[in-house]
Structures are given as C-alpha cells and as structure tokens.
Number of protein chains: 2
Amino acid sequence: MKLQIVCAGKVKDTWLREAIEEYTKRLSRFCSLSIIEVPDAPDHLPREQALKKEGDAMLAKIKPSSLLWLMDLSGVTMDSVRFSETLIRAFDQGGAELTIMIGGSNGFSREVLDRADFRVRFSDMTMTHTMARLFLVEQCYRAFKIANNESYHK
Amino acid sequence: MKLQIVCAGKVKDTWLREAIEEYTKRLSRFCSLSIIEVPDAPDHLPREQALKKEGDAMLAKIKPSSLLWLMDLSGVTMDSVRFSETLIRAFDQGGAELTIMIGGSNGFSREVLDRADFRVRFSDMTMTHTMARLFLVEQCYRAFKIANNESYHK
C-alpha cells in the first residue's frame, strides 16, 4: 500500500515538521507514505492563473494509475470511522496507490477537480495548510488503527 | 478580554506544547488567554462516573459570571468567519470572560451540558484532545485577525 500526500508550500515551523515526522513514522507500520511539496504559486499571479500553476505542478507528481482524493472545503464531511472505511476500501479497490492533495484557501484548479476521484472535507473552518497536513496524517494513522481494531488514544 | 480554555489531560508531546505556546503568545495581542488542565478521569471508572468526575473538576475552574462554550461533537458547525463573529459577539455581550471547554471522546457530563451557553463542533472527525487544543487556539487567533481585518496566512 502506498499513500502519497501532495501539497503546495513548505512547512516552516519546526514543531509542525516534527509532528508530521512523528506520524509518518507511526504510519510506516501500515503503509508507505511520501509527502511531496510543490512550490506555492507566486502571489502576484491572478487567482485563476495561480490555481492553474499550482494544480499543474501537483498533477505532474502523480501516476496515471493513482487514485486521487482532494482535501477540500467543497468535499464530503465524514466522521473518523467512515473515513477509515473509505480509505481502506480505496486501497482495496484502487490498486497500489492513493494520492491525497491538500488545496490552498482558493481551492483547486479545474484540471485537478476533473482528475479527482473523491473530495473530503475535514472541517468547515479554514486552516493553515500546514495544520491541514498534520490533521490529515493524524486521521490516516487513526484510520488504519480503526481498521485494525487497535485502540487509539482520543 | 479574558479567554480561558479548560481541558482534561496533559499535553505530553513537546512539539504540541511548543505549538500551543506559540499561539498563546500570538493571542496575547488580543486577549489574555489561560489554559487550565484538570486531571483525566481514571480509566477504571464507569463512563458516566468518569464524565461526572471530569466535568465537576472542569466546572470548579470557572467563575459564575463566565460565559461557557463547549467544543463538542454535538455542537454547531461553522466556518472561520462565522466563528470569529460569534466569538467577538460573545466577548462584547458576555462581559469580561469566556471559557471554552474541550471535551473528551465521551463528551460532557449532564452538569456541564446544563451550564453551557453554546456548543461548537470543529469537525465531524475524532481528534486527540491535544490536537483539538491546538485547533482551538489557532481558530481563536484567526478569529481575532479576521475581526481586525488583518490578513492571515491560510
């Protein structure tokens, strides 16, 4: 099982980098996780162009055979158990690789939305994209623990 | 303006402690924030008793005049802008102090629910209570930035 997270922008805070590393280590029991960062689109670009540029850079990182999920405000909301079921089913049905993309506050380009197999919303609230990354790896770890009937501190 | 966060259990991860300290520092421009930890209820207690014990310990920490919000899965969902408006209004109308309590995975005791003025849900997903704490301080900081029309990295 391979899980790939693709996101724009670098994590600058040391604490957040450590946190994400910690969950990546824990997840290694269940799947091979790689996190791929593409550069943020430059601020001076108009919104649509920035989305397109960022989207194209993200799409270039995924295999044609990979399933693609988006973590996006326009997605479906679900609790952790349902997220776990959906994640495991995706791995079972979808073959060897699942890619999850984390969008910026402006969402995704048309090309990314067209390529996506599924969209999930973690919260109605706007988060920093680095916090979204932490939330995502934590929920993926939780998802595998739930699927394995392992207890997990809440 | 005083903001008080009351929660059960200690933050053990160093990275999370640093993160919360960082946001506490940033929030100090807008309000005086204190975070009060009460002990987790012992595991051996039946669920209802554990909730009651934890709830009573949390209620003991708040002033009769304080507004009380709960961060709870049974609460209302809202986006960051609406959360900001609601938070600022609470400060304006509610007087000098707002207390926000973070519940455990089993929710809150009847006594806490009866005392509460408002319940808010940040996500349908189950989070670690320490992650919930980080999410909360980040959204409070964001709320003040939004209310002050200050730009904030998303």
# chains A, B, ... in the order shown; residues from 1 in each chain; ligands from 1
>>> residues_around(residues="Met58 (chain A)", least_positions_apart="5", cutoff="9 Å", atoms="only C-alpha atoms", output="list in words")
Val6, Cys7, Ala8, Ile36, Glu37, Val38, Lys53, Met101 and Val112 of chain A
>>> calpha_fit_and_write(fixed="chain A", moving="chain B", output="tab-separated table (two decimals) with C-alpha atoms, in the first residue's frame")
chain	number	residue	atom	x	y	z
B	1	MET	CA	-0.02	0.03	0.02
B	2	LYS	CA	1.32	3.39	-0.97
B	3	LEU	CA	-0.04	6.68	0.24
B	4	GLN	CA	1.18	9.90	-1.26
B	5	ILE	CA	0.30	13.36	0.03
B	6	VAL	CA	0.84	16.22	-2.38
B	7	CYS	CA	0.65	19.79	-1.17
B	8	ALA	CA	1.81	23.28	-2.03
B	9	GLY	CA	4.23	25.17	0.16
B	10	LYS	CA	6.84	24.27	2.69
B	11	VAL	CA	6.31	23.58	6.39
B	12	LYS	CA	8.30	26.26	8.18
B	13	ASP	CA	7.51	25.67	11.84
B	14	THR	CA	9.90	23.25	13.50
B	15	TRP	CA	7.22	21.87	15.81
B	16	LEU	CA	4.95	21.07	12.88
B	17	ARG	CA	7.73	19.37	10.96
B	18	GLU	CA	8.45	17.21	14.01
B	19	ALA	CA	4.79	16.37	14.41
B	20	ILE	CA	4.42	15.30	10.81
B	21	GLU	CA	7.61	13.23	11.01
B	22	GLU	CA	6.25	11.52	14.09
B	23	TYR	CA	3.04	10.49	12.34
B	24	THR	CA	4.91	9.47	9.20
B	25	LYS	CA	6.98	7.13	11.35
B	26	ARG	CA	3.88	5.70	13.01
B	27	LEU	CA	2.16	5.25	9.64
B	28	SER	CA	5.09	3.26	8.28
B	29	ARG	CA	3.65	0.16	10.03
B	30	PHE	CA	0.61	0.35	7.77
B	31	CYS	CA	1.68	1.91	4.50
B	32	SER	CA	4.49	3.60	2.71
B	33	LEU	CA	3.83	7.33	2.97
B	34	SER	CA	5.54	10.01	0.96
B	35	ILE	CA	4.86	13.72	1.26
B	36	ILE	CA	5.60	15.77	-1.84
B	37	GLU	CA	5.76	19.55	-1.65
B	38	VAL	CA	5.38	21.67	-4.74
B	39	PRO	CA	6.17	25.40	-4.68
B	40	ASP	CA	3.42	27.86	-3.78
B	41	ALA	CA	2.19	29.85	-6.75
B	42	PRO	CA	3.67	33.37	-6.68
B	43	ASP	CA	1.43	35.98	-5.03
B	44	HIS	CA	1.49	38.35	-7.97
B	45	LEU	CA	-0.42	36.01	-10.27
B	46	PRO	CA	-4.19	36.40	-10.75
B	47	ARG	CA	-6.17	33.82	-8.78
B	48	GLU	CA	-7.07	31.57	-11.71
B	49	GLN	CA	-3.55	31.52	-13.07
B	50	ALA	CA	-2.12	30.79	-9.63
B	51	LEU	CA	-4.54	27.88	-9.18
B	52	LYS	CA	-3.66	26.50	-12.61
B	53	LYS	CA	0.08	26.77	-11.99
B	54	GLU	CA	-0.14	25.11	-8.57
B	55	GLY	CA	-2.55	22.47	-9.88
B	56	ASP	CA	-0.36	21.55	-12.85
B	57	ALA	CA	2.68	21.22	-10.58
B	58	MET	CA	0.71	18.90	-8.27
B	59	LEU	CA	-0.74	16.81	-11.13
B	60	ALA	CA	2.76	16.31	-12.51
B	61	LYS	CA	3.62	14.40	-9.34
B	62	ILE	CA	1.03	11.66	-9.61
B	63	LYS	CA	0.98	8.49	-11.65
B	64	PRO	CA	-1.85	7.94	-14.15
B	65	SER	CA	-2.82	4.79	-12.22
B	66	SER	CA	-3.07	6.51	-8.84
B	67	LEU	CA	-6.40	7.21	-7.23
B	68	LEU	CA	-6.75	10.91	-6.39
B	69	TRP	CA	-8.52	12.38	-3.39
B	70	LEU	CA	-8.77	16.05	-2.57
B	71	MET	CA	-8.91	17.52	0.92
B	72	ASP	CA	-11.17	20.40	0.10
B	73	LEU	CA	-13.86	22.66	1.58
B	74	SER	CA	-16.25	21.54	-1.17
B	75	GLY	CA	-15.87	17.88	-0.21
B	76	VAL	CA	-17.96	15.43	1.75
B	77	THR	CA	-17.83	15.54	5.53
B	78	MET	CA	-17.43	12.29	7.44
B	79	ASP	CA	-16.51	11.01	10.85
B	80	SER	CA	-13.29	9.12	11.55
B	81	VAL	CA	-14.85	5.67	11.29
B	82	ARG	CA	-16.35	6.41	7.90
B	83	PHE	CA	-13.09	7.98	6.76
B	84	SER	CA	-11.31	4.81	7.81
B	85	GLU	CA	-13.72	2.59	5.86
B	86	THR	CA	-13.45	4.79	2.80
B	87	LEU	CA	-9.67	4.88	2.94
B	88	ILE	CA	-9.30	1.13	3.31
B	89	ARG	CA	-11.80	0.49	0.52
B	90	ALA	CA	-9.89	2.84	-1.74
B	91	PHE	CA	-6.72	0.88	-1.12
B	92	ASP	CA	-8.50	-2.42	-1.71
B	93	GLN	CA	-10.26	-1.38	-4.90
B	94	GLY	CA	-7.98	1.27	-6.22
B	95	GLY	CA	-4.84	-0.71	-6.54
B	96	ALA	CA	-1.48	0.17	-5.25
B	97	GLU	CA	-1.51	3.90	-4.76
B	98	LEU	CA	-3.69	6.61	-3.33
B	99	THR	CA	-2.73	10.28	-3.64
B	100	ILE	CA	-4.34	12.88	-1.41
B	101	MET	CA	-3.90	16.55	-2.33
B	102	ILE	CA	-4.26	19.41	0.11
B	103	GLY	CA	-5.55	22.53	-1.54
B	104	GLY	CA	-4.88	26.13	-0.70
B	105	SER	CA	-7.55	28.52	0.55
B	106	ASN	CA	-8.59	29.19	-3.05
B	107	GLY	CA	-9.32	25.56	-3.73
B	108	PHE	CA	-8.13	23.66	-6.78
B	109	SER	CA	-7.83	24.28	-10.49
B	110	ARG	CA	-10.41	22.88	-12.91
B	111	GLU	CA	-7.85	20.32	-14.12
B	112	VAL	CA	-7.32	18.96	-10.61
B	113	LEU	CA	-11.06	18.83	-9.90
B	114	ASP	CA	-11.61	16.92	-13.15
B	115	ARG	CA	-8.90	14.40	-12.31
B	116	ALA	CA	-10.13	13.79	-8.75
B	117	ASP	CA	-11.95	10.59	-7.77
B	118	PHE	CA	-13.22	11.88	-4.44
B	119	ARG	CA	-13.29	14.99	-2.27
B	120	VAL	CA	-13.32	15.04	1.52
B	121	ARG	CA	-13.83	17.97	3.89
B	122	PHE	CA	-12.24	17.72	7.33
B	123	SER	CA	-13.79	20.89	8.73
B	124	ASP	CA	-15.84	23.91	7.68
B	125	MET	CA	-13.11	26.04	9.17
B	126	THR	CA	-10.17	27.44	7.30
B	127	MET	CA	-6.89	25.99	8.47
B	128	THR	CA	-3.31	26.83	7.68
B	129	HIS	CA	-2.22	24.38	5.02
B	130	THR	CA	0.43	23.03	7.36
B	131	MET	CA	-2.14	22.36	10.05
B	132	ALA	CA	-4.26	20.62	7.41
B	133	ARG	CA	-1.29	18.40	6.66
B	134	LEU	CA	-0.97	17.42	10.31
B	135	PHE	CA	-4.71	16.80	10.62
B	136	LEU	CA	-4.56	14.58	7.53
B	137	VAL	CA	-1.65	12.38	8.62
B	138	GLU	CA	-3.22	12.01	12.05
B	139	GLN	CA	-6.55	10.90	10.56
B	140	CYS	CA	-4.82	8.47	8.20
B	141	TYR	CA	-2.99	6.93	11.14
B	142	ARG	CA	-6.26	6.79	13.09
B	143	ALA	CA	-7.95	5.22	10.04
B	144	PHE	CA	-5.50	2.31	9.95
B	145	LYS	CA	-5.77	1.83	13.71
B	146	ILE	CA	-9.57	1.73	13.46
B	147	ALA	CA	-9.42	-0.72	10.54
B	148	ASN	CA	-7.12	-2.97	12.59
B	149	ASN	CA	-9.37	-2.76	15.64
B	150	GLU	CA	-6.50	-1.30	17.62
B	151	SER	CA	-7.25	1.04	20.48
B	152	TYR	CA	-6.11	4.58	20.01
B	153	HIS	CA	-5.95	7.42	22.43
B	154	LYS	CA	-8.62	10.03	21.74
>>> select_by_dssp(residues="chain B", states="alpha helix (DSSP H)", output="ChimeraX atom specification")
/B:14-27,47-59,80-94,110-115,129-147
>>> select_by_dssp(residues="region 31-133 of chain B", states="strand (DSSP E)", output="list in words")
Ser32, Leu33, Ser34, Ile35, Ile36, Glu37, Val38, Leu67, Leu68, Trp69, Leu70, Met71, Asp72, Leu73, Ser74, Gly75, Val76, Thr77, Glu97, Leu98, Thr99, Ile100, Met101, Ile102, Phe118, Arg119, Val120 and Arg121 of chain B
>>> decode(residues="region 61-79 of chain A", atoms="N, CA and C atoms", output="PDB file, in the first residue's frame")
ATOM      1  N   LYS A  61       2.992  15.298 -10.304  1.00  0.00           N
ATOM      2  CA  LYS A  61       3.612  14.409  -9.319  1.00  0.00           C
ATOM      3  C   LYS A  61       2.900  13.076  -9.166  1.00  0.00           C
ATOM      4  N   ILE A  62       1.748  12.914  -9.826  1.00  0.00           N
ATOM      5  CA  ILE A  62       1.024  11.657  -9.590  1.00  0.00           C
ATOM      6  C   ILE A  62       0.995  10.773 -10.824  1.00  0.00           C
ATOM      7  N   LYS A  63       1.006   9.471 -10.550  1.00  0.00           N
ATOM      8  CA  LYS A  63       0.968   8.471 -11.633  1.00  0.00           C
ATOM      9  C   LYS A  63      -0.437   8.412 -12.233  1.00  0.00           C
ATOM     10  N   PRO A  64      -0.528   8.096 -13.525  1.00  0.00           N
ATOM     11  CA  PRO A  64      -1.856   7.965 -14.128  1.00  0.00           C
ATOM     12  C   PRO A  64      -2.699   6.902 -13.419  1.00  0.00           C
ATOM     13  N   SER A  65      -2.062   5.892 -12.856  1.00  0.00           N
ATOM     14  CA  SER A  65      -2.816   4.812 -12.218  1.00  0.00           C
ATOM     15  C   SER A  65      -3.244   5.139 -10.781  1.00  0.00           C
ATOM     16  N   SER A  66      -2.757   6.215 -10.239  1.00  0.00           N
ATOM     17  CA  SER A  66      -3.067   6.519  -8.840  1.00  0.00           C
ATOM     18  C   SER A  66      -4.485   7.048  -8.671  1.00  0.00           C
ATOM     19  N   LEU A  67      -5.141   6.601  -7.618  1.00  0.00           N
ATOM     20  CA  LEU A  67      -6.395   7.225  -7.218  1.00  0.00           C
ATOM     21  C   LEU A  67      -6.085   8.616  -6.690  1.00  0.00           C
ATOM     22  N   LEU A  68      -6.988   9.556  -6.890  1.00  0.00           N
ATOM     23  CA  LEU A  68      -6.749  10.911  -6.382  1.00  0.00           C
ATOM     24  C   LEU A  68      -7.902  11.408  -5.518  1.00  0.00           C
ATOM     25  N   TRP A  69      -7.555  11.749  -4.281  1.00  0.00           N
ATOM     26  CA  TRP A  69      -8.517  12.389  -3.376  1.00  0.00           C
ATOM     27  C   TRP A  69      -8.079  13.829  -3.138  1.00  0.00           C
ATOM     28  N   LEU A  70      -9.064  14.666  -2.925  1.00  0.00           N
ATOM     29  CA  LEU A  70      -8.756  16.051  -2.558  1.00  0.00           C
ATOM     30  C   LEU A  70      -9.273  16.336  -1.150  1.00  0.00           C
ATOM     31  N   MET A  71      -8.466  17.027  -0.380  1.00  0.00           N
ATOM     32  CA  MET A  71      -8.910  17.525   0.924  1.00  0.00           C
ATOM     33  C   MET A  71      -9.336  18.959   0.669  1.00  0.00           C
ATOM     34  N   ASP A  72     -10.644  19.167   0.695  1.00  0.00           N
ATOM     35  CA  ASP A  72     -11.160  20.397   0.104  1.00  0.00           C
ATOM     36  C   ASP A  72     -12.456  20.826   0.798  1.00  0.00           C
ATOM     37  N   LEU A  73     -12.651  22.129   0.915  1.00  0.00           N
ATOM     38  CA  LEU A  73     -13.860  22.657   1.567  1.00  0.00           C
ATOM     39  C   LEU A  73     -15.149  22.296   0.835  1.00  0.00           C
ATOM     40  N   SER A  74     -15.039  21.911  -0.444  1.00  0.00           N
ATOM     41  CA  SER A  74     -16.238  21.529  -1.186  1.00  0.00           C
ATOM     42  C   SER A  74     -16.525  20.032  -1.082  1.00  0.00           C
ATOM     43  N   GLY A  75     -15.731  19.324  -0.290  1.00  0.00           N
ATOM     44  CA  GLY A  75     -15.871  17.868  -0.211  1.00  0.00           C
ATOM     45  C   GLY A  75     -16.925  17.395   0.766  1.00  0.00           C
ATOM     46  N   VAL A  76     -17.011  16.100   0.869  1.00  0.00           N
ATOM     47  CA  VAL A  76     -17.964  15.420   1.743  1.00  0.00           C
ATOM     48  C   VAL A  76     -17.413  15.398   3.168  1.00  0.00           C
ATOM     49  N   THR A  77     -18.286  15.633   4.138  1.00  0.00           N
ATOM     50  CA  THR A  77     -17.842  15.534   5.519  1.00  0.00           C
ATOM     51  C   THR A  77     -18.099  14.120   6.040  1.00  0.00           C
ATOM     52  N   MET A  78     -17.233  13.614   6.872  1.00  0.00           N
ATOM     53  CA  MET A  78     -17.440  12.274   7.425  1.00  0.00           C
ATOM     54  C   MET A  78     -16.747  12.160   8.782  1.00  0.00           C
ATOM     55  N   ASP A  79     -17.209  11.219   9.583  1.00  0.00           N
ATOM     56  CA  ASP A  79     -16.522  11.018  10.855  1.00  0.00           C
ATOM     57  C   ASP A  79     -15.322  10.080  10.644  1.00  0.00           C
TER      58      ASP A  79
END
